[in-house]
Amino acid sequence: MARDKQGQNSTGTDSAGAGSSRVRGRAADALETARERTMSAYEAARERTSDVTRQVSDQMSVYPVGAVIGGLVIGAVFGALLPRTRRETEWLGETSRKLTGAAREAAQKGIDTGRDRIEQLTGKVVAKVGSAVAEAVGDKD
């Protein structure tokens, strides 16, 4: 075996160099794989975003009023989720309470009207089914 000036085996240094070279190669491969996956995910997300944007644009051109209403609903949801500020309470306190009360009353009226309508329809359906059963039973006699 060849020995260097300090009496160490020179092939030990060579094998350590080869080992670090393999590690560097594996790290480079892992980095390249990660880079490819990242690019693939980025491209897929970009394509999906483009598709969704195109669909939304198409829907907005077909249903512009729906788009406005949807925007208002989304804005209201975000507004409801955000905490009130002191300045907002100072400026809009009484108005906000009045609007909230009016909205609650309108919602309750809508619920009551819907409930009444369902009861009416249920009564009509029961009457129709009853008459159909009566006719069917009457026809068999």
# chains A, B, ... in the order shown; residues from 1 in each chain; ligands from 1

$ closest_atom_pairs --of "segment 69-122 of chain A" --to "segment 51-62 of chain A" --cutoff "12 Å" --atoms "only C-alpha atoms" --output "tab-separated table"
residue	atom	partner	partner_atom	distance
A:Ile69	CA	A:Met60	CA	10.9
A:Gly70	CA	A:Met60	CA	10.1
A:Gly71	CA	A:Met60	CA	10.8
